[in-house]
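Structure data (mmCIF, C-alpha atoms) from model13.cif:
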data_target
loop_
_atom_site.label_atom_id
_atom_site.label_comp_id
_atom_site.auth_asym_id
_atom_site.auth_seq_id
_atom_site.Cartn_x
_atom_site.Cartn_y
_atom_site.Cartn_z
CA MET A 1 -7.55 20.50 -3.67
CA VAL A 2 -7.77 19.49 -7.32
CA ALA A 3 -4.24 19.81 -8.61
CA ARG A 4 -3.67 21.16 -12.11
CA ALA A 5 -1.63 18.08 -12.91
CA ALA A 6 -4.83 16.04 -12.60
CA LEU A 7 -6.44 17.93 -15.51
CA SER A 8 -5.84 17.55 -19.23
CA ARG A 9 -3.77 20.06 -21.13
CA GLY A 10 -5.64 23.19 -22.15
CA PHE A 11 -7.38 23.57 -18.80
CA ALA A 12 -6.00 26.11 -16.32
CA CYS A 13 -6.60 26.58 -12.61
CA HIS A 14 -6.63 29.78 -10.58
CA ARG A 15 -6.40 29.36 -6.81
CA LEU A 16 -8.65 32.00 -5.24
CA SER A 17 -8.11 30.88 -1.64
CA GLN A 18 -7.04 27.84 0.34
CA HIS A 19 -10.27 25.97 -0.38
CA ILE A 20 -11.54 27.66 -3.56
CA THR A 21 -10.20 27.04 -7.06
CA LEU A 22 -11.46 28.28 -10.43
CA TYR A 23 -10.90 26.11 -13.51
CA VAL A 24 -11.17 27.52 -17.03
CA ASN A 25 -10.69 26.22 -20.54
CA GLU A 26 -7.70 28.04 -22.01
CA LEU A 27 -8.83 27.05 -25.49
CA ALA A 28 -12.14 28.90 -25.16
CA PRO A 29 -12.38 31.97 -27.45
CA GLN A 30 -12.37 34.52 -24.63
CA VAL A 31 -9.53 32.91 -22.70
CA SER A 32 -5.84 33.06 -23.59
CA PRO A 33 -3.00 31.53 -21.60
CA GLY A 34 -1.46 34.06 -19.26
CA ARG A 35 -4.37 36.50 -19.26
CA PRO A 36 -5.26 37.96 -15.86
CA ILE A 37 -8.13 36.11 -14.23
CA GLN A 38 -10.35 39.21 -14.23
CA GLU A 39 -10.12 39.43 -17.99
CA ALA A 40 -10.23 35.71 -18.57
CA THR A 41 -13.59 35.31 -16.88
CA LEU A 42 -15.44 38.24 -18.42
CA GLY A 43 -18.60 37.49 -20.34
CA HIS A 44 -21.54 35.23 -19.70
CA LYS A 45 -20.07 31.73 -19.95
CA PRO A 46 -21.91 29.44 -17.50
CA LEU A 47 -20.20 28.60 -14.23
CA THR A 48 -20.55 25.32 -12.37
CA LEU A 49 -20.31 25.65 -8.60
CA MET A 50 -18.90 22.28 -7.56
CA LEU A 51 -19.10 21.27 -3.90
CA PRO A 52 -17.13 18.00 -3.56
CA TRP A 53 -17.35 15.29 -0.94
CA LYS A 54 -14.99 15.36 2.04
CA GLY A 55 -11.66 13.70 1.31
CA ALA A 56 -12.17 13.71 -2.44
CA ARG A 57 -8.98 12.84 -4.31
CA PRO A 58 -7.80 15.37 -6.89
CA GLN A 59 -7.98 12.83 -9.71
CA ALA A 60 -11.59 11.99 -8.85
CA VAL A 61 -12.82 15.58 -8.72
CA ALA A 62 -10.85 16.36 -11.90
CA LYS A 63 -13.02 13.88 -13.85
CA TYR A 64 -16.14 15.85 -12.97
CA CYS A 65 -14.43 19.17 -13.68
CA GLU A 66 -13.44 18.00 -17.15
CA ILE A 67 -17.00 17.03 -17.98
CA TYR A 68 -18.09 20.62 -17.51
CA LEU A 69 -14.92 22.21 -18.91
CA ARG A 70 -15.31 20.25 -22.15
CA THR A 71 -18.97 21.20 -22.27
CA GLY A 72 -18.16 24.92 -22.19
CA PHE A 73 -18.51 25.73 -18.50
CA ASP A 74 -15.97 27.16 -16.11
CA VAL A 75 -15.85 25.32 -12.78
CA LEU A 76 -15.58 26.85 -9.32
CA VAL A 77 -14.59 24.16 -6.80
CA VAL A 78 -15.28 24.97 -3.14
CA GLU A 79 -14.11 22.38 -0.64
CA SER A 80 -15.93 21.76 2.64
CA GLU A 81 -14.24 20.95 5.94
CA VAL A 82 -15.37 18.66 8.75
CA LYS A 83 -15.22 21.56 11.20
CA ASP A 84 -17.93 23.33 9.18
CA PHE A 85 -20.16 20.35 9.91
CA LEU A 86 -19.18 19.80 13.54
CA TRP A 87 -19.70 23.49 14.37
CA PRO A 88 -22.44 24.70 12.00
CA GLN A 89 -21.82 28.40 12.72
CA TRP A 90 -18.59 27.97 10.77
CA GLY A 91 -20.52 26.24 8.02
CA LEU A 92 -22.87 29.21 7.86
CA ALA A 93 -19.89 31.52 7.56
CA ARG A 94 -18.53 29.44 4.67
CA GLY A 95 -21.93 29.51 2.98
CA LYS A 96 -22.01 33.29 3.30
CA SER A 97 -18.51 33.62 1.84
CA ILE A 98 -19.55 31.55 -1.20
CA LEU A 99 -22.60 33.75 -1.76
CA ASP A 100 -20.43 36.86 -1.51
CA LEU A 101 -18.00 35.42 -4.05
CA LEU A 102 -20.80 34.61 -6.50
CA HIS A 103 -22.01 38.19 -6.05
CA SER A 104 -18.56 39.62 -6.79
CA ASP A 105 -17.63 41.34 -10.05
CA LEU A 106 -15.81 38.19 -11.10
CA PHE A 107 -18.98 36.09 -11.31
CA VAL A 108 -22.02 38.35 -10.99
CA SER A 109 -22.96 38.11 -14.69
CA ARG A 110 -22.54 34.35 -14.98
CA PRO A 111 -25.38 31.81 -15.30
CA LEU A 112 -24.90 29.26 -12.51
CA PHE A 113 -25.09 25.49 -12.30
CA VAL A 114 -24.71 23.65 -8.97
CA HIS A 115 -23.21 20.17 -8.57
CA ALA A 116 -22.99 19.08 -4.92
CA PHE A 117 -21.73 15.77 -3.56
CA SER A 118 -22.27 14.25 -0.12
CA ILE A 119 -21.35 16.86 2.54
CA GLY A 120 -21.26 19.44 -0.25
CA GLY A 121 -25.05 19.28 -0.20
CA TYR A 122 -24.88 20.40 3.45
CA THR A 123 -22.73 23.37 2.41
CA PHE A 124 -25.32 24.30 -0.20
CA GLY A 125 -28.00 24.03 2.48
CA GLN A 126 -26.07 26.52 4.61
CA MET A 127 -26.05 28.87 1.64
CA LEU A 128 -29.83 28.51 1.38
CA VAL A 129 -30.23 29.46 5.06
CA HIS A 130 -28.75 32.87 4.23
CA VAL A 131 -30.83 33.21 1.07
CA LEU A 132 -34.07 32.57 2.96
CA GLN A 133 -33.09 35.19 5.53
CA ASP A 134 -32.84 37.85 2.82
CA THR A 135 -34.64 36.65 -0.30
CA GLN A 136 -34.68 40.12 -1.83
CA LYS A 137 -30.90 40.49 -1.62
CA TYR A 138 -30.29 37.10 -3.23
CA GLU A 139 -33.20 37.06 -5.69
CA GLN A 140 -30.98 37.73 -8.70
CA LEU A 141 -28.53 35.03 -7.64
CA THR A 142 -31.21 32.37 -7.25
CA ARG A 143 -32.58 33.27 -10.68
CA ARG A 144 -29.12 32.83 -12.16
CA ILE A 145 -29.09 29.17 -11.07
CA LYS A 146 -30.28 27.27 -14.15
CA GLY A 147 -29.82 23.72 -12.89
CA GLN A 148 -28.73 21.75 -9.85
CA VAL A 149 -27.32 18.25 -9.36
CA PHE A 150 -27.13 16.44 -6.03
CA ASP A 151 -24.98 13.33 -5.86
CA SER A 152 -25.12 11.11 -2.74
CA ILE A 153 -26.28 13.94 -0.49
CA VAL A 154 -26.04 13.14 3.23
CA ILE A 155 -29.67 13.07 4.24
CA GLY A 156 -31.68 11.21 6.85
CA SER A 157 -31.19 10.74 10.57
CA LEU A 158 -28.43 12.00 12.85
CA GLU A 159 -27.11 8.46 12.75
CA LYS A 160 -26.60 8.85 8.99
CA MET A 161 -24.63 12.03 9.62
CA ALA A 162 -22.53 10.36 12.31
CA THR A 163 -21.90 7.42 9.99
CA GLY A 164 -20.73 9.86 7.36
CA LEU A 165 -18.24 11.41 9.75
CA GLY A 166 -16.85 8.03 10.68
CA LYS A 167 -16.37 6.99 7.07
CA THR A 168 -14.74 10.25 5.97
CA VAL A 169 -12.65 11.37 8.96
CA PHE A 170 -11.05 8.18 10.33
CA PRO A 171 -12.39 5.14 8.41
CA ARG A 172 -10.34 2.75 10.55
CA LEU A 173 -12.11 4.07 13.65
CA GLU A 174 -15.50 4.36 11.99
CA SER A 175 -17.55 2.85 14.84
CA LEU A 176 -15.79 4.91 17.53
CA ILE A 177 -16.17 8.15 15.55
CA LYS A 178 -19.83 7.41 14.91
CA HIS A 179 -20.69 6.89 18.59
CA THR A 180 -18.53 9.80 19.69
CA SER A 181 -20.29 12.04 17.16
CA LEU A 182 -23.73 11.02 18.40
CA LEU A 183 -22.64 11.84 21.97
CA TYR A 184 -21.25 15.18 20.78
CA PHE A 185 -24.52 16.04 19.00
CA SER A 186 -26.42 15.18 22.18
CA LEU A 187 -24.23 17.33 24.43
CA PHE A 188 -24.23 20.32 22.07
CA GLU A 189 -27.72 19.98 20.66
CA GLN A 190 -28.44 23.72 20.45
CA GLN A 191 -25.12 24.40 18.72
CA THR A 192 -25.41 21.47 16.29
CA VAL A 193 -28.77 19.73 15.87
CA ALA A 194 -30.74 22.98 15.92
CA TYR A 195 -28.57 24.30 13.10
CA PHE A 196 -28.82 21.04 11.16
CA ASN A 197 -32.61 21.34 11.33
CA ARG A 198 -32.43 24.89 9.96
CA SER A 199 -30.34 23.66 7.04
CA ILE A 200 -32.75 20.78 6.39
CA GLU A 201 -35.73 23.13 6.43
CA ALA A 202 -33.92 25.49 4.06
CA CYS A 203 -33.47 22.59 1.65
CA ARG A 204 -37.09 21.49 2.01
CA ASN A 205 -38.31 25.03 1.34
CA THR A 206 -35.62 25.93 -1.15
CA PRO A 207 -35.92 29.31 -2.88
CA VAL A 208 -34.06 27.87 -5.89
CA LYS A 209 -36.64 26.78 -8.43
CA ALA A 210 -34.24 25.55 -11.12
CA PRO A 211 -34.64 21.95 -12.32
CA ALA A 212 -32.81 19.40 -10.19
CA LEU A 213 -31.24 15.98 -10.73
CA PHE A 214 -30.50 13.50 -7.93
CA PHE A 215 -28.06 10.57 -8.08
CA TYR A 216 -28.51 8.04 -5.25
CA CYS A 217 -28.60 4.35 -4.36
CA ASP A 218 -30.18 1.94 -1.90
CA ASN A 219 -26.98 0.63 -0.28
CA ASP A 220 -25.55 4.02 0.73
CA ALA A 221 -24.91 4.08 4.49
CA MET A 222 -24.60 7.87 4.43
CA SER A 223 -27.63 8.77 2.32
CA ASP A 224 -31.13 7.41 2.93
CA SER A 225 -32.66 6.72 -0.51
CA GLU A 226 -36.20 7.01 0.89
CA ALA A 227 -35.36 10.41 2.41
CA VAL A 228 -33.95 11.51 -0.94
CA GLU A 229 -37.16 10.52 -2.69
CA GLU A 230 -39.26 12.28 -0.06
CA LEU A 231 -37.31 15.47 -0.75
CA MET A 232 -37.74 15.00 -4.49
CA ALA A 233 -41.50 14.57 -4.08
CA LEU A 234 -41.72 17.68 -1.89
CA TRP A 235 -39.83 19.77 -4.46
CA ARG A 236 -42.19 18.56 -7.19
CA LYS A 237 -45.11 19.79 -5.07
CA HIS A 238 -43.35 23.17 -4.96
CA GLY A 239 -43.33 23.26 -8.76
CA ILE A 240 -39.67 22.28 -9.27
CA THR A 241 -38.85 19.93 -12.15
CA VAL A 242 -37.02 16.99 -10.55
CA ALA A 243 -35.31 13.98 -12.12
CA GLY A 244 -33.55 11.13 -10.39
CA LYS A 245 -31.25 8.21 -11.10
CA ARG A 246 -31.45 5.48 -8.49
CA TRP A 247 -29.33 2.33 -8.32
CA GLU A 248 -29.90 -0.69 -6.11
CA LYS A 249 -26.13 -1.02 -5.60
CA SER A 250 -23.54 1.65 -6.17
CA GLN A 251 -20.92 3.67 -4.27
CA HIS A 252 -21.27 6.82 -2.18
CA ALA A 253 -20.07 9.75 -4.31
CA GLY A 254 -18.76 7.15 -6.75
CA HIS A 255 -21.65 6.57 -9.15
CA LEU A 256 -19.60 7.91 -12.08
CA LYS A 257 -16.93 5.29 -11.38
CA THR A 258 -19.40 2.46 -10.77
CA HIS A 259 -21.93 3.27 -13.51
CA PRO A 260 -20.05 5.60 -15.91
CA GLN A 261 -22.25 5.35 -18.99
CA GLU A 262 -25.54 5.62 -17.11
CA TYR A 263 -24.22 8.56 -15.11
CA LEU A 264 -23.00 10.50 -18.14
CA THR A 265 -26.12 9.72 -20.18
CA THR A 266 -28.40 10.89 -17.36
CA LEU A 267 -26.40 14.08 -16.91
CA ASP A 268 -26.35 14.63 -20.68
CA ILE A 269 -30.14 14.34 -20.90
CA PHE A 270 -30.52 16.69 -17.96
CA LEU A 271 -28.29 19.36 -19.53
CA HIS A 272 -30.14 19.02 -22.83
CA SER A 273 -33.42 19.62 -21.00
CA LEU A 274 -31.99 22.95 -19.78
CA ASN A 275 -30.97 23.96 -23.32
CA MET A 276 -27.35 23.89 -22.25
CA SER A 277 -24.45 22.63 -24.34
CA PRO A 278 -24.37 18.84 -24.78
CA LEU A 279 -21.70 16.81 -23.07
CA LYS A 280 -18.62 16.37 -25.23
CA ALA A 281 -16.65 14.28 -22.75
CA LYS A 282 -17.05 10.53 -22.57
CA MET A 283 -15.05 9.09 -19.69
#
Could I get this file's structure written as C-alpha cells?
Amino acid sequence: MVARAALSRGFACHRLSQHITLYVNELAPQVSPGRPIQEATLGHKPLTLMLPWKGARPQAVAKYCEIYLRTGFDVLVVESEVKDFLWPQWGLARGKSILDLLHSDLFVSRPLFVHAFSIGGYTFGQMLVHVLQDTQKYEQLTRRIKGQVFDSIVIGSLEKMATGLGKTVFPRLESLIKHTSLLYFSLFEQQTVAYFNRSIEACRNTPVKAPALFFYCDNDAMSDSEAVEELMALWRKHGITVAGKRWEKSQHAGHLKTHPQEYLTTLDIFLHSLNMSPLKAKM
C-alpha cells in the first residue's frame, strides 16, 4: 500500500479497505483537513483509478499519485493480488467490487481517468468482462471515463504471463515459478486459460471509447511490444483515439524512472488533448 509518509505534505490518504486507498489534495478548495471523506469528495473533481503493478513500492506509486494530485485529480489506488491472477474467478470478483465502488455515492458523479500498470491492466480487463455482460447497467460509467493510460501491460502468450509471475512473486526462483505456472495453466486450463481469453477478448472489444495512451518497450520480458501495437491498431479500427510511446530499451513499469522527461511530456500532451488540467509536477 502507498503509505502517507511517501507523499508530500498537503496530500491526505483515506484507507477504504485493505487494498483500496483514496488520495486527495487537502489544499484543494473543497477539501479541508479533518473533513469527513464523504464531504471531502463531493463535487465533480476528476478521479484517477490507478491500478499498480504487483509488488510496487510505496515510494514508486507515490510519484505517480503526486502527478495527478498536483494536476487537480484525486487518486483511487486499487492493488491487485497474485491470487486474482492465478484463480481468475477471484479476479472477476475484484473487478466487480471496483465497479460497485465507482458506482457508489462517493464517486458516482466523478469524471474518471484510468492508469493501469502491468498486472493492473489484467484487473481492468476483468472489469471490462462485467461491463460487456451488462452494457446498459454500466453505460454511464463507461461514458464517465475520459482517458486511459496503459503502462507495461502484460500482454502476449501464456509464457509472457508465466514470466511475469516469476519476476514478481519470487524473482530468485524465476525459472522454477515460470515452468510451474505453465504446468498449472495446463492442468487447470478451464479455470485459468479460458478466463484469460475472456479478459483478452474484453480488452480487444472494449466498450470504453475514451482516448488511450500506451507506454511500452521492446526489451520487456513481460509485455510483447508487437502485441501491444496490434491491440492499439485494433482499437483505432474501432474508432478509439490511440497514442503510444515506445522505447527500444526501458524498464517494465519503470519508464518514468528510466525516461522521466519523455514520460511526463507524453502524459502532459495526452492530458492536454483531453482538455484536462496541464501537469504541474515535474519529477
key: Resolved residues for the PyMOL selection byres ((chain A and resi 66-77) around 6) as number ranges by chain   = A: 20-24, 46-50, 63-65, 78, 279-281
note = A straight line from atom CA of Glu201 of chain A to atom CA of Leu234 of chain A spans 11.6 Å
inquiry  = Could you tell me, as JSON, numbers by chain, exactly which residues end up selected when the PyMOL selection byres ((chain A and resi 231) around 12) is applied to this structure?
reply    = {"A": [150, 153, 155, 156, 200, 201, 202, 203, 204, 205, 206, 212, 213, 214, 224, 225, 226, 227, 228, 229, 230, 232, 233, 234, 235, 236, 237, 238, 240, 242, 243, 244]}
Produce a file of the selected residues containing C-alpha atoms, as a compact mmCIF listing (two decimals), in the coordinates of the input.
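The result, written out as again_39.txt:
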# COMPACT_ATOMS: atom_id res chain seq x y z
CA PHE A 150 -27.13 16.44 -6.03
CA ILE A 153 -26.28 13.94 -0.49
CA ILE A 155 -29.67 13.07 4.24
CA GLY A 156 -31.68 11.21 6.85
CA ILE A 200 -32.75 20.78 6.39
CA GLU A 201 -35.73 23.13 6.43
CA ALA A 202 -33.92 25.49 4.06
CA CYS A 203 -33.47 22.59 1.65
CA ARG A 204 -37.09 21.49 2.01
CA ASN A 205 -38.31 25.03 1.34
CA THR A 206 -35.62 25.93 -1.15
CA ALA A 212 -32.81 19.40 -10.19
CA LEU A 213 -31.24 15.98 -10.73
CA PHE A 214 -30.50 13.50 -7.93
CA ASP A 224 -31.13 7.41 2.93
CA SER A 225 -32.66 6.72 -0.51
CA GLU A 226 -36.20 7.01 0.89
CA ALA A 227 -35.36 10.41 2.41
CA VAL A 228 -33.95 11.51 -0.94
CA GLU A 229 -37.16 10.52 -2.69
CA GLU A 230 -39.26 12.28 -0.06
CA MET A 232 -37.74 15.00 -4.49
CA ALA A 233 -41.50 14.57 -4.08
CA LEU A 234 -41.72 17.68 -1.89
CA TRP A 235 -39.83 19.77 -4.46
CA ARG A 236 -42.19 18.56 -7.19
CA LYS A 237 -45.11 19.79 -5.07
CA HIS A 238 -43.35 23.17 -4.96
CA ILE A 240 -39.67 22.28 -9.27
CA VAL A 242 -37.02 16.99 -10.55
CA ALA A 243 -35.31 13.98 -12.12
CA GLY A 244 -33.55 11.13 -10.39
task = Give me the residues within 9 Å of Lys209 of chain A as a count of residues only, counting only C-alpha atoms and dropping any in the same chain fewer than 6 places off.
result = 10
message = To one decimal place in Å, what is the distance between atom CA of Lys257 of chain A and atom CA of Gly125 of chain A?
response =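 Answer for the atom CA of Lys257 of chain A to atom CA of Gly125 of chain A separation: 25.8 Å.
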